>>> print(open('run-v8.cif').read())   # mmCIF, C-alpha atoms and all ligand atoms
data_entry
loop_
_atom_site.label_atom_id
_atom_site.label_comp_id
_atom_site.auth_asym_id
_atom_site.auth_seq_id
_atom_site.Cartn_x
_atom_site.Cartn_y
_atom_site.Cartn_z
CA MET A 1 -8.19 20.87 -3.17
CA ILE A 2 -7.84 21.60 0.54
CA SER A 3 -5.20 24.02 1.88
CA TYR A 4 -1.90 22.90 3.38
CA GLY A 5 -3.15 24.03 6.81
CA GLU A 6 -6.20 21.79 6.56
CA PHE A 7 -4.00 18.92 5.42
CA ALA A 8 -1.66 19.40 8.39
CA ASP A 9 -4.68 19.41 10.73
CA ASN A 10 -5.89 16.16 9.17
CA CYS A 11 -2.42 14.67 9.70
CA LYS A 12 -2.61 15.58 13.38
CA ARG A 13 -6.07 14.02 13.68
CA LEU A 14 -4.79 10.92 11.93
CA GLU A 15 -1.86 10.69 14.34
CA GLU A 16 -4.35 10.76 17.22
CA ARG A 17 -6.33 7.90 15.67
CA ILE A 18 -3.14 5.88 15.19
CA ARG A 19 -1.94 6.60 18.72
CA LYS A 20 -5.25 5.49 20.23
CA ALA A 21 -5.42 2.33 18.14
CA ALA A 22 -1.80 1.44 18.88
CA ASP A 23 -2.33 2.01 22.62
CA ALA A 24 -5.48 -0.11 22.60
CA SER A 25 -3.63 -3.07 21.09
CA GLY A 26 -0.37 -2.76 23.03
CA ARG A 27 1.59 -1.58 20.01
CA LYS A 28 3.83 1.44 19.52
CA PHE A 29 2.75 4.50 17.53
CA GLU A 30 6.07 4.31 15.66
CA GLU A 31 5.31 0.81 14.36
CA VAL A 32 2.61 2.14 12.03
CA ALA A 33 3.66 4.15 8.97
CA VAL A 34 1.27 6.25 6.91
CA LEU A 35 1.22 6.21 3.13
CA PRO A 36 -0.79 9.24 1.96
CA VAL A 37 -2.87 8.23 -1.07
CA THR A 38 -2.87 11.07 -3.60
CA LYS A 39 -4.87 9.45 -6.42
CA THR A 40 -7.38 11.76 -8.15
CA HIS A 41 -5.88 14.78 -6.39
CA PRO A 42 -3.58 17.34 -8.04
CA VAL A 43 0.18 17.08 -7.61
CA ALA A 44 -0.16 19.54 -4.70
CA ALA A 45 -1.24 16.54 -2.59
CA ALA A 46 2.21 15.03 -3.07
CA GLN A 47 3.84 18.40 -2.33
CA TYR A 48 1.88 18.72 0.93
CA SER A 49 2.97 15.20 1.86
CA ALA A 50 6.64 16.00 1.24
CA GLN A 51 6.35 19.26 3.18
CA TYR A 52 4.81 17.46 6.16
CA GLY A 53 7.66 14.97 6.14
CA PHE A 54 6.25 11.86 4.51
CA LYS A 55 8.76 9.77 2.55
CA SER A 56 6.36 8.41 -0.05
CA VAL A 57 2.84 8.67 -1.46
CA GLY A 58 0.55 6.07 -3.03
CA GLU A 59 -1.15 6.12 -6.42
CA ASN A 60 -3.41 3.46 -7.90
CA ARG A 61 -3.02 4.09 -11.64
CA VAL A 62 0.28 4.01 -13.51
CA GLN A 63 -0.65 6.67 -16.08
CA GLU A 64 -1.91 9.19 -13.53
CA ALA A 65 1.18 8.71 -11.38
CA VAL A 66 3.61 8.97 -14.31
CA GLU A 67 2.07 12.32 -15.29
CA LYS A 68 2.49 13.66 -11.75
CA ILE A 69 6.00 12.28 -11.35
CA ALA A 70 7.03 13.90 -14.64
CA GLN A 71 6.16 17.32 -13.20
CA ASN A 72 9.01 16.82 -10.74
CA ALA A 73 7.13 19.02 -8.29
CA ALA A 74 7.53 17.04 -5.06
CA ASP A 75 10.61 15.60 -3.43
CA ILE A 76 8.99 12.28 -2.56
CA GLU A 77 8.93 8.61 -3.55
CA TRP A 78 5.92 7.04 -5.25
CA GLU A 79 4.34 3.67 -4.52
CA LEU A 80 1.86 1.82 -6.70
CA ILE A 81 -1.12 0.46 -4.78
CA GLY A 82 -3.50 -0.30 -7.68
CA HIS A 83 -3.73 -3.22 -10.07
CA LEU A 84 -0.81 -3.51 -12.48
CA GLN A 85 -1.10 -5.07 -15.94
CA THR A 86 2.03 -6.71 -17.33
CA ASN A 87 2.04 -4.32 -20.30
CA LYS A 88 2.66 -1.45 -17.88
CA ALA A 89 5.41 -3.20 -15.92
CA LYS A 90 8.14 -1.25 -17.68
CA ALA A 91 6.66 2.13 -16.75
CA ALA A 92 5.97 0.87 -13.23
CA ALA A 93 9.55 -0.29 -12.65
CA ALA A 94 10.83 3.01 -14.01
CA ASN A 95 8.65 5.15 -11.76
CA PHE A 96 7.73 3.46 -8.49
CA ALA A 97 10.04 2.98 -5.50
CA ARG A 98 7.76 0.17 -4.34
CA ILE A 99 4.92 -1.74 -5.97
CA GLN A 100 2.38 -3.03 -3.45
CA SER A 101 0.06 -4.73 -5.93
CA VAL A 102 2.10 -7.67 -7.23
CA ASP A 103 -0.33 -10.58 -7.53
CA SER A 104 0.90 -13.04 -10.16
CA ILE A 105 3.98 -14.98 -11.18
CA LYS A 106 3.69 -13.58 -14.70
CA LEU A 107 3.84 -10.02 -13.34
CA LEU A 108 6.78 -10.86 -11.06
CA ALA A 109 8.75 -12.25 -13.99
CA LYS A 110 8.04 -9.16 -16.10
CA LEU A 111 8.97 -6.76 -13.30
CA ASP A 112 12.20 -8.66 -12.68
CA LYS A 113 13.12 -8.34 -16.34
CA GLU A 114 12.25 -4.63 -16.50
CA ALA A 115 14.12 -3.90 -13.26
CA ALA A 116 17.20 -5.70 -14.61
CA GLU A 117 17.09 -3.52 -17.73
CA ILE A 118 17.49 -0.41 -15.60
CA SER A 119 19.84 -2.02 -13.03
CA LYS A 120 17.30 -1.63 -10.25
CA THR A 121 16.17 -3.83 -7.41
CA GLN A 122 12.40 -3.43 -7.44
CA ARG A 123 10.90 -3.39 -3.95
CA VAL A 124 7.49 -5.08 -3.87
CA LEU A 125 4.68 -6.28 -1.65
CA LEU A 126 2.56 -9.27 -2.64
CA GLN A 127 -1.13 -8.35 -2.80
CA ILE A 128 -3.32 -11.06 -1.31
CA ASN A 129 -7.10 -11.26 -1.50
CA ALA A 130 -7.17 -12.10 2.19
CA GLY A 131 -10.88 -11.28 2.49
CA ARG A 132 -11.77 -13.66 -0.37
CA ASP A 133 -13.68 -10.83 -2.06
CA PRO A 134 -14.63 -11.70 -5.67
CA ALA A 135 -14.51 -7.96 -6.48
CA LYS A 136 -10.89 -7.52 -5.41
CA PHE A 137 -7.58 -8.12 -7.16
CA GLY A 138 -4.83 -9.99 -5.37
CA ALA A 139 -3.58 -13.55 -5.30
CA GLU A 140 -5.65 -16.12 -3.46
CA ILE A 141 -4.32 -17.14 -0.04
CA GLU A 142 -3.57 -20.63 -1.41
CA GLU A 143 -1.46 -19.14 -4.24
CA ALA A 144 0.72 -17.11 -1.88
CA PRO A 145 3.45 -19.73 -1.21
CA ALA A 146 4.12 -20.24 -4.93
CA LEU A 147 4.11 -16.50 -5.51
CA LEU A 148 6.58 -15.88 -2.70
CA GLU A 149 8.82 -18.76 -3.76
CA CYS A 150 8.99 -17.26 -7.23
CA ALA A 151 9.72 -13.75 -5.90
CA LEU A 152 12.50 -14.98 -3.60
CA GLY A 153 14.21 -16.57 -6.59
CA LEU A 154 14.29 -13.41 -8.68
CA GLU A 155 17.48 -11.40 -8.61
CA ASN A 156 15.99 -7.97 -9.20
CA ILE A 157 12.98 -8.28 -6.90
CA SER A 158 13.00 -7.59 -3.16
CA VAL A 159 9.85 -8.73 -1.30
CA GLU A 160 9.18 -6.70 1.81
CA GLY A 161 5.83 -8.13 2.87
CA LEU A 162 2.14 -8.44 2.03
CA MET A 163 -0.71 -6.08 1.17
CA THR A 164 -4.47 -6.48 1.24
CA ILE A 165 -7.66 -4.48 0.77
CA ALA A 166 -10.60 -5.44 2.99
CA PRO A 167 -13.94 -6.28 1.35
CA LEU A 168 -16.45 -3.42 1.27
CA ASP A 169 -18.69 -4.12 4.24
CA GLU A 170 -20.32 -1.87 6.84
CA ASP A 171 -19.51 -4.54 9.42
CA LEU A 172 -15.90 -3.82 10.40
CA ASP A 173 -15.54 -7.36 11.76
CA THR A 174 -15.25 -8.42 8.11
CA ALA A 175 -12.20 -6.17 7.75
CA SER A 176 -10.73 -7.49 11.00
CA ARG A 177 -11.01 -11.08 9.73
CA CYS A 178 -9.34 -10.12 6.45
CA PHE A 179 -6.45 -8.40 8.27
CA ALA A 180 -6.00 -11.33 10.67
CA ASN A 181 -5.88 -13.68 7.67
CA LEU A 182 -3.09 -11.59 6.14
CA ARG A 183 -1.07 -11.54 9.37
CA ASN A 184 -1.45 -15.31 9.84
CA LEU A 185 -0.45 -15.92 6.24
CA ARG A 186 2.63 -13.72 6.72
CA ASP A 187 3.62 -15.70 9.83
CA GLU A 188 3.19 -19.01 7.98
CA LEU A 189 5.20 -17.82 4.98
CA GLU A 190 8.04 -16.52 7.16
CA ASN A 191 8.28 -19.94 8.79
CA LYS A 192 7.98 -21.97 5.64
CA PHE A 193 10.58 -19.97 3.70
CA SER A 194 12.75 -18.66 6.55
CA ALA A 195 12.14 -15.27 4.97
CA LYS A 196 11.60 -11.86 6.53
CA LEU A 197 8.30 -10.24 5.54
CA PRO A 198 8.13 -7.28 7.91
CA GLU A 199 5.57 -5.18 6.05
CA LEU A 200 1.82 -5.65 6.39
CA SER A 201 0.15 -2.97 4.27
CA MET A 202 -3.46 -2.97 5.46
CA GLY A 203 -5.97 -0.40 6.59
CA MET A 204 -7.47 2.69 4.92
CA SER A 205 -9.42 5.74 6.16
CA GLY A 206 -12.42 3.72 7.32
CA ASP A 207 -10.84 0.63 8.84
CA LEU A 208 -7.36 1.66 9.99
CA GLU A 209 -8.05 1.01 13.70
CA ARG A 210 -8.99 -2.59 12.88
CA ALA A 211 -5.85 -2.97 10.76
CA ILE A 212 -3.58 -1.60 13.48
CA ALA A 213 -5.15 -4.01 15.98
CA GLU A 214 -4.24 -6.89 13.64
CA GLY A 215 -0.62 -5.81 13.14
CA SER A 216 -0.59 -3.36 10.23
CA THR A 217 2.75 -1.65 9.62
CA VAL A 218 1.55 0.63 6.79
CA ILE A 219 -1.86 2.21 6.50
CA ARG A 220 -2.83 3.73 3.13
CA VAL A 221 -4.87 6.85 3.77
CA GLY A 222 -6.59 8.98 1.14
CA SER A 223 -9.91 10.61 1.97
CA PHE A 224 -9.18 11.23 5.66
CA LEU A 225 -6.16 13.33 4.69
CA PHE A 226 -7.23 14.97 1.42
CA GLY A 227 -11.03 14.97 1.53
CA GLU A 228 -13.44 13.04 -0.66
CA ARG A 229 -12.36 12.07 -4.16
CA GLU A 230 -14.33 13.23 -7.18
CA TYR A 231 -13.99 9.85 -8.92
CA PHE A 232 -12.43 6.48 -8.27
C1 LIG A 301 -7.80 4.65 -2.66
C2 LIG A 301 -7.07 3.61 -1.94
C3 LIG A 301 -6.76 3.75 -0.57
C4 LIG A 301 -7.20 4.94 0.27
O1 LIG A 301 -8.57 4.86 0.53
P1 LIG A 301 -9.27 5.90 1.53
O2 LIG A 301 -10.50 5.19 1.94
O3 LIG A 301 -9.53 7.13 0.75
O4 LIG A 301 -8.35 6.13 2.67
C5 LIG A 301 -6.04 2.73 0.03
N1 LIG A 301 -5.63 1.64 -0.65
C6 LIG A 301 -5.90 1.48 -1.96
C7 LIG A 301 -5.42 0.26 -2.64
C8 LIG A 301 -6.63 2.45 -2.64
O5 LIG A 301 -6.89 2.27 -3.94
#
>>> encode(input="run-v8.cif", output="structure tokens")
Amino acid sequence: MISYGEFADNCKRLEERIRKAADASGRKFEEVAVLPVTKTHPVAAAQYSAQYGFKSVGENRVQEAVEKIAQNAADIEWELIGHLQTNKAKAAAANFARIQSVDSIKLLAKLDKEAAEISKTQRVLLQINAGRDPAKFGAEIEEAPALLECALGLENISVEGLMTIAPLDEDLDTASRCFANLRNLRDELENKFSAKLPELSMGMSGDLERAIAEGSTVIRVGSFLFGEREYF
């Protein structure tokens, strides 16, 4: 694990990247939030994030996150960014301030029920496979209207926007197309449902400039902040 000083340096370098990308696309630095991704790293990664002033961190597996949260070592909120199975919806609702990986009506219904049980409004993003990557989770673009319609009708669910993961491809134009698809879909859905979907969670260490150019409001950054992971 890197030191806090190294982490703070990485945060500064990340801020420079964001500032440049925002400038280049006529956007404001403040429009792009960072979600540090602490998966595979010790709980110190969440402590560093809290110390630096981040409000939340991202984890991709429920079990790993629950173990870290139980240590109560960092004053920070936790967001789920990895695939969620319905049988873990209860633990997810109990532990995550926001779940970015909601991709089915079945999962929405289960989360609504579990959130009701604990008198919580569960904040979510709908994960869309905007790059049409067979290897990625997320609802298909065509399924998004039905998914949103369902979410808007659930009392204990609050939909804040959309999330996507770009296909693995050395050609960053592939990521750009994926991110543009997500933004266009968001605009269409806002019109169709007269709903507000302000959040576009897109962009990671390798493609965040492309995501910012296409309108990202949250970039999820792991390796650039914490160094390479030992496993996925
Ligand atoms: C791991 C992960 C990230 C962070 O990836 P880096 O390339 O390390 O920045 C972002 N989003 C999701 C969904 C992830 O699983």
>>> residues_near_ligand(input="run-v8.cif", ligand="ligand LIG 301 (chain A)", cutoff="8 Å", atoms="all atoms listed in the file", output="VMD selection string")
chain A and resid 36 to 37 39 58 to 60 81 to 82 164 to 165 202 to 206 219 to 225 228 to 229 232
>>> axis_aligned_box(input="run-v8.cif", around="range 173-181 of chain A", padding_each_side="6 Å", output="AutoDock Vina command-line options")
--center_x -10.7 --center_y -9.9 --center_z 9.1 --size_x 21.7 --size_y 19.5 --size_z 17.3
>>> closest_atom_pairs(input="run-v8.cif", of="range 25-107 of chain A", to="range 112-117 of chain A", cutoff="12 Å", atoms="all atoms listed in the file", output="tab-separated table")
residue	atom	partner	partner_atom	distance
A:Thr86	CA	A:Glu114	CA	10.5
A:Asn87	CA	A:Glu114	CA	10.9
A:Lys88	CA	A:Glu114	CA	10.2
A:Ala89	CA	A:Glu114	CA	7.0
A:Lys90	CA	A:Glu114	CA	5.5
A:Ala91	CA	A:Glu114	CA	8.8
A:Ala92	CA	A:Glu114	CA	9.0
A:Ala93	CA	A:Ala115	CA	5.9
A:Ala94	CA	A:Ala115	CA	7.7
A:Asn95	CA	A:Ala115	CA	10.7
A:Phe96	CA	A:Ala115	CA	10.9
A:Ala97	CA	A:Ala115	CA	11.1
A:Arg98	CA	A:Ala115	CA	11.7
A:Ile99	CA	A:Ala115	CA	11.9
A:Val102	CA	A:Asp112	CA	11.5
A:Ile105	CA	A:Asp112	CA	10.5
A:Lys106	CA	A:Asp112	CA	10.0
A:Leu107	CA	A:Asp112	CA	8.5
>>> closest_residue(input="run-v8.cif", among="A:Asp173, A:Glu15, A:Glu209, A:Glu77", to="Glu30 in chain A", atoms="all atoms listed in the file")
A:Glu15
>>> residues_around(input="run-v8.cif", residues="Phe29 in chain A", least_positions_apart="2", cutoff="12 Å", atoms="only C-alpha atoms", output="CSV table (one decimal) with C-alpha atoms, in the coordinates of the input")
chain,number,residue,atom,x,y,z
A,14,LEU,CA,-4.8,10.9,11.9
A,15,GLU,CA,-1.9,10.7,14.3
A,16,GLU,CA,-4.4,10.8,17.2
A,17,ARG,CA,-6.3,7.9,15.7
A,18,ILE,CA,-3.1,5.9,15.2
A,19,ARG,CA,-1.9,6.6,18.7
A,20,LYS,CA,-5.2,5.5,20.2
A,21,ALA,CA,-5.4,2.3,18.1
A,22,ALA,CA,-1.8,1.4,18.9
A,23,ASP,CA,-2.3,2.0,22.6
A,24,ALA,CA,-5.5,-0.1,22.6
A,25,SER,CA,-3.6,-3.1,21.1
A,26,GLY,CA,-0.4,-2.8,23.0
A,27,ARG,CA,1.6,-1.6,20.0
A,31,GLU,CA,5.3,0.8,14.4
A,32,VAL,CA,2.6,2.1,12.0
A,33,ALA,CA,3.7,4.2,9.0
A,34,VAL,CA,1.3,6.2,6.9
A,209,GLU,CA,-8.0,1.0,13.7
A,212,ILE,CA,-3.6,-1.6,13.5
A,213,ALA,CA,-5.2,-4.0,16.0
A,215,GLY,CA,-0.6,-5.8,13.1
A,216,SER,CA,-0.6,-3.4,10.2
A,217,THR,CA,2.8,-1.6,9.6
A,218,VAL,CA,1.6,0.6,6.8
>>> closest_residue(input="run-v8.cif", among="A:Ala70, A:Leu168, A:Ile157, A:Leu182", to="Ala139 in chain A", atoms="all atoms listed in the file")
A:Leu182
>>> decode(input="run-v8.cif", residues="range 116-162 of chain A", atoms="N, CA and C atoms", output="mmCIF file, in the first residue's frame")
data_model
loop_
_atom_site.group_PDB
_atom_site.id
_atom_site.type_symbol
_atom_site.label_atom_id
_atom_site.label_comp_id
_atom_site.auth_asym_id
_atom_site.auth_seq_id
_atom_site.Cartn_x
_atom_site.Cartn_y
_atom_site.Cartn_z
ATOM 1 N N ALA A 116 -37.173 -0.551 2.062
ATOM 2 C CA ALA A 116 -38.385 -0.302 2.860
ATOM 3 C C ALA A 116 -38.243 -0.914 4.252
ATOM 4 N N GLU A 117 -37.685 -2.118 4.301
ATOM 5 C CA GLU A 117 -37.504 -2.827 5.579
ATOM 6 C C GLU A 117 -36.699 -2.005 6.579
ATOM 7 N N ILE A 118 -35.748 -1.229 6.064
ATOM 8 C CA ILE A 118 -34.896 -0.454 6.976
ATOM 9 C C ILE A 118 -35.211 1.044 6.869
ATOM 10 N N SER A 119 -36.403 1.357 6.343
ATOM 11 C CA SER A 119 -36.880 2.749 6.242
ATOM 12 C C SER A 119 -35.851 3.663 5.599
ATOM 13 N N LYS A 120 -35.341 3.214 4.449
ATOM 14 C CA LYS A 120 -34.302 3.955 3.754
ATOM 15 C C LYS A 120 -34.768 4.267 2.342
ATOM 16 N N THR A 121 -34.359 5.397 1.812
ATOM 17 C CA THR A 121 -34.491 5.618 0.378
ATOM 18 C C THR A 121 -33.149 5.276 -0.240
ATOM 19 N N GLN A 122 -33.129 4.243 -1.070
ATOM 20 C CA GLN A 122 -31.865 3.793 -1.652
ATOM 21 C C GLN A 122 -31.554 4.610 -2.895
ATOM 22 N N ARG A 123 -30.451 5.341 -2.870
ATOM 23 C CA ARG A 123 -30.001 6.083 -4.048
ATOM 24 C C ARG A 123 -29.337 5.109 -5.024
ATOM 25 N N VAL A 124 -29.692 5.216 -6.298
ATOM 26 C CA VAL A 124 -29.116 4.301 -7.290
ATOM 27 C C VAL A 124 -28.768 5.033 -8.583
ATOM 28 N N LEU A 125 -27.885 4.399 -9.355
ATOM 29 C CA LEU A 125 -27.694 4.725 -10.761
ATOM 30 C C LEU A 125 -28.066 3.470 -11.540
ATOM 31 N N LEU A 126 -28.544 3.646 -12.757
ATOM 32 C CA LEU A 126 -28.843 2.507 -13.622
ATOM 33 C C LEU A 126 -27.615 2.238 -14.489
ATOM 34 N N GLN A 127 -27.101 1.005 -14.389
ATOM 35 C CA GLN A 127 -25.922 0.664 -15.202
ATOM 36 C C GLN A 127 -26.358 0.211 -16.586
ATOM 37 N N ILE A 128 -25.829 0.866 -17.586
ATOM 38 C CA ILE A 128 -26.188 0.588 -18.979
ATOM 39 C C ILE A 128 -24.954 0.104 -19.739
ATOM 40 N N ASN A 129 -25.132 -0.932 -20.528
ATOM 41 C CA ASN A 129 -24.043 -1.448 -21.358
ATOM 42 C C ASN A 129 -23.980 -0.612 -22.637
ATOM 43 N N ALA A 130 -23.576 0.636 -22.449
ATOM 44 C CA ALA A 130 -23.662 1.617 -23.538
ATOM 45 C C ALA A 130 -22.656 1.353 -24.647
ATOM 46 N N GLY A 131 -21.656 0.505 -24.370
ATOM 47 C CA GLY A 131 -20.683 0.147 -25.395
ATOM 48 C C GLY A 131 -21.016 -1.172 -26.074
ATOM 49 N N ARG A 132 -22.186 -1.740 -25.735
ATOM 50 C CA ARG A 132 -22.634 -3.021 -26.295
ATOM 51 C C ARG A 132 -21.519 -4.065 -26.241
ATOM 52 N N ASP A 133 -20.895 -4.180 -25.073
ATOM 53 C CA ASP A 133 -19.785 -5.110 -24.864
ATOM 54 C C ASP A 133 -20.337 -6.399 -24.272
ATOM 55 N N PRO A 134 -20.218 -7.529 -24.989
ATOM 56 C CA PRO A 134 -20.781 -8.789 -24.475
ATOM 57 C C PRO A 134 -20.160 -9.198 -23.142
ATOM 58 N N ALA A 135 -18.979 -8.659 -22.813
ATOM 59 C CA ALA A 135 -18.299 -9.037 -21.568
ATOM 60 C C ALA A 135 -18.711 -8.170 -20.384
ATOM 61 N N LYS A 136 -19.590 -7.201 -20.605
ATOM 62 C CA LYS A 136 -19.933 -6.284 -19.519
ATOM 63 C C LYS A 136 -21.362 -6.496 -19.002
ATOM 64 N N PHE A 137 -21.542 -6.280 -17.698
ATOM 65 C CA PHE A 137 -22.885 -6.247 -17.142
ATOM 66 C C PHE A 137 -23.541 -4.935 -17.543
ATOM 67 N N GLY A 138 -24.780 -4.777 -17.139
ATOM 68 C CA GLY A 138 -25.507 -3.550 -17.458
ATOM 69 C C GLY A 138 -26.667 -3.855 -18.370
ATOM 70 N N ALA A 139 -27.736 -3.080 -18.223
ATOM 71 C CA ALA A 139 -28.905 -3.264 -19.079
ATOM 72 C C ALA A 139 -28.565 -2.802 -20.491
ATOM 73 N N GLU A 140 -29.210 -3.416 -21.470
ATOM 74 C CA GLU A 140 -29.044 -2.953 -22.846
ATOM 75 C C GLU A 140 -29.678 -1.578 -22.986
ATOM 76 N N ILE A 141 -29.202 -0.802 -23.937
ATOM 77 C CA ILE A 141 -29.742 0.542 -24.170
ATOM 78 C C ILE A 141 -31.260 0.483 -24.384
ATOM 79 N N GLU A 142 -31.716 -0.511 -25.129
ATOM 80 C CA GLU A 142 -33.150 -0.646 -25.437
ATOM 81 C C GLU A 142 -33.985 -0.959 -24.191
ATOM 82 N N GLU A 143 -33.354 -1.554 -23.172
ATOM 83 C CA GLU A 143 -34.083 -1.902 -21.947
ATOM 84 C C GLU A 143 -34.186 -0.729 -20.976
ATOM 85 N N ALA A 144 -33.433 0.331 -21.246
ATOM 86 C CA ALA A 144 -33.322 1.425 -20.272
ATOM 87 C C ALA A 144 -34.661 2.108 -19.954
ATOM 88 N N PRO A 145 -35.510 2.384 -20.965
ATOM 89 C CA PRO A 145 -36.776 3.058 -20.622
ATOM 90 C C PRO A 145 -37.632 2.249 -19.633
ATOM 91 N N ALA A 146 -37.734 0.947 -19.858
ATOM 92 C CA ALA A 146 -38.536 0.120 -18.953
ATOM 93 C C ALA A 146 -37.928 0.082 -17.556
ATOM 94 N N LEU A 147 -36.606 0.047 -17.518
ATOM 95 C CA LEU A 147 -35.907 0.009 -16.231
ATOM 96 C C LEU A 147 -36.145 1.314 -15.463
ATOM 97 N N LEU A 148 -36.042 2.429 -16.169
ATOM 98 C CA LEU A 148 -36.255 3.712 -15.509
ATOM 99 C C LEU A 148 -37.705 3.867 -15.073
ATOM 100 N N GLU A 149 -38.623 3.464 -15.938
ATOM 101 C CA GLU A 149 -40.048 3.581 -15.595
ATOM 102 C C GLU A 149 -40.338 2.820 -14.313
ATOM 103 N N CYS A 150 -39.770 1.632 -14.215
ATOM 104 C CA CYS A 150 -39.942 0.832 -13.001
ATOM 105 C C CYS A 150 -39.362 1.570 -11.786
ATOM 106 N N ALA A 151 -38.141 2.057 -11.928
ATOM 107 C CA ALA A 151 -37.456 2.713 -10.801
ATOM 108 C C ALA A 151 -38.223 3.938 -10.322
ATOM 109 N N LEU A 152 -38.775 4.704 -11.266
ATOM 110 C CA LEU A 152 -39.490 5.931 -10.903
ATOM 111 C C LEU A 152 -40.771 5.620 -10.128
ATOM 112 N N GLY A 153 -41.272 4.396 -10.302
ATOM 113 C CA GLY A 153 -42.503 4.014 -9.623
ATOM 114 C C GLY A 153 -42.285 3.410 -8.248
ATOM 115 N N LEU A 154 -41.035 3.236 -7.862
ATOM 116 C CA LEU A 154 -40.754 2.578 -6.577
ATOM 117 C C LEU A 154 -40.518 3.614 -5.481
ATOM 118 N N GLU A 155 -41.206 3.409 -4.367
ATOM 119 C CA GLU A 155 -41.220 4.419 -3.317
ATOM 120 C C GLU A 155 -39.891 4.581 -2.598
ATOM 121 N N ASN A 156 -39.135 3.508 -2.501
ATOM 122 C CA ASN A 156 -37.908 3.549 -1.703
ATOM 123 C C ASN A 156 -36.639 3.595 -2.546
ATOM 124 N N ILE A 157 -36.820 3.932 -3.825
ATOM 125 C CA ILE A 157 -35.681 4.031 -4.744
ATOM 126 C C ILE A 157 -35.612 5.451 -5.283
ATOM 127 N N SER A 158 -34.412 6.030 -5.270
ATOM 128 C CA SER A 158 -34.212 7.344 -5.874
ATOM 129 C C SER A 158 -33.151 7.213 -6.980
ATOM 130 N N VAL A 159 -33.563 7.431 -8.234
ATOM 131 C CA VAL A 159 -32.624 7.287 -9.367
ATOM 132 C C VAL A 159 -31.949 8.616 -9.643
ATOM 133 N N GLU A 160 -30.627 8.614 -9.588
ATOM 134 C CA GLU A 160 -29.891 9.872 -9.765
ATOM 135 C C GLU A 160 -29.247 10.005 -11.142
ATOM 136 N N GLY A 161 -29.227 8.917 -11.909
ATOM 137 C CA GLY A 161 -28.602 9.001 -13.221
ATOM 138 C C GLY A 161 -28.185 7.636 -13.735
ATOM 139 N N LEU A 162 -27.191 7.650 -14.630
ATOM 140 C CA LEU A 162 -26.763 6.433 -15.328
ATOM 141 C C LEU A 162 -25.265 6.192 -15.129
#
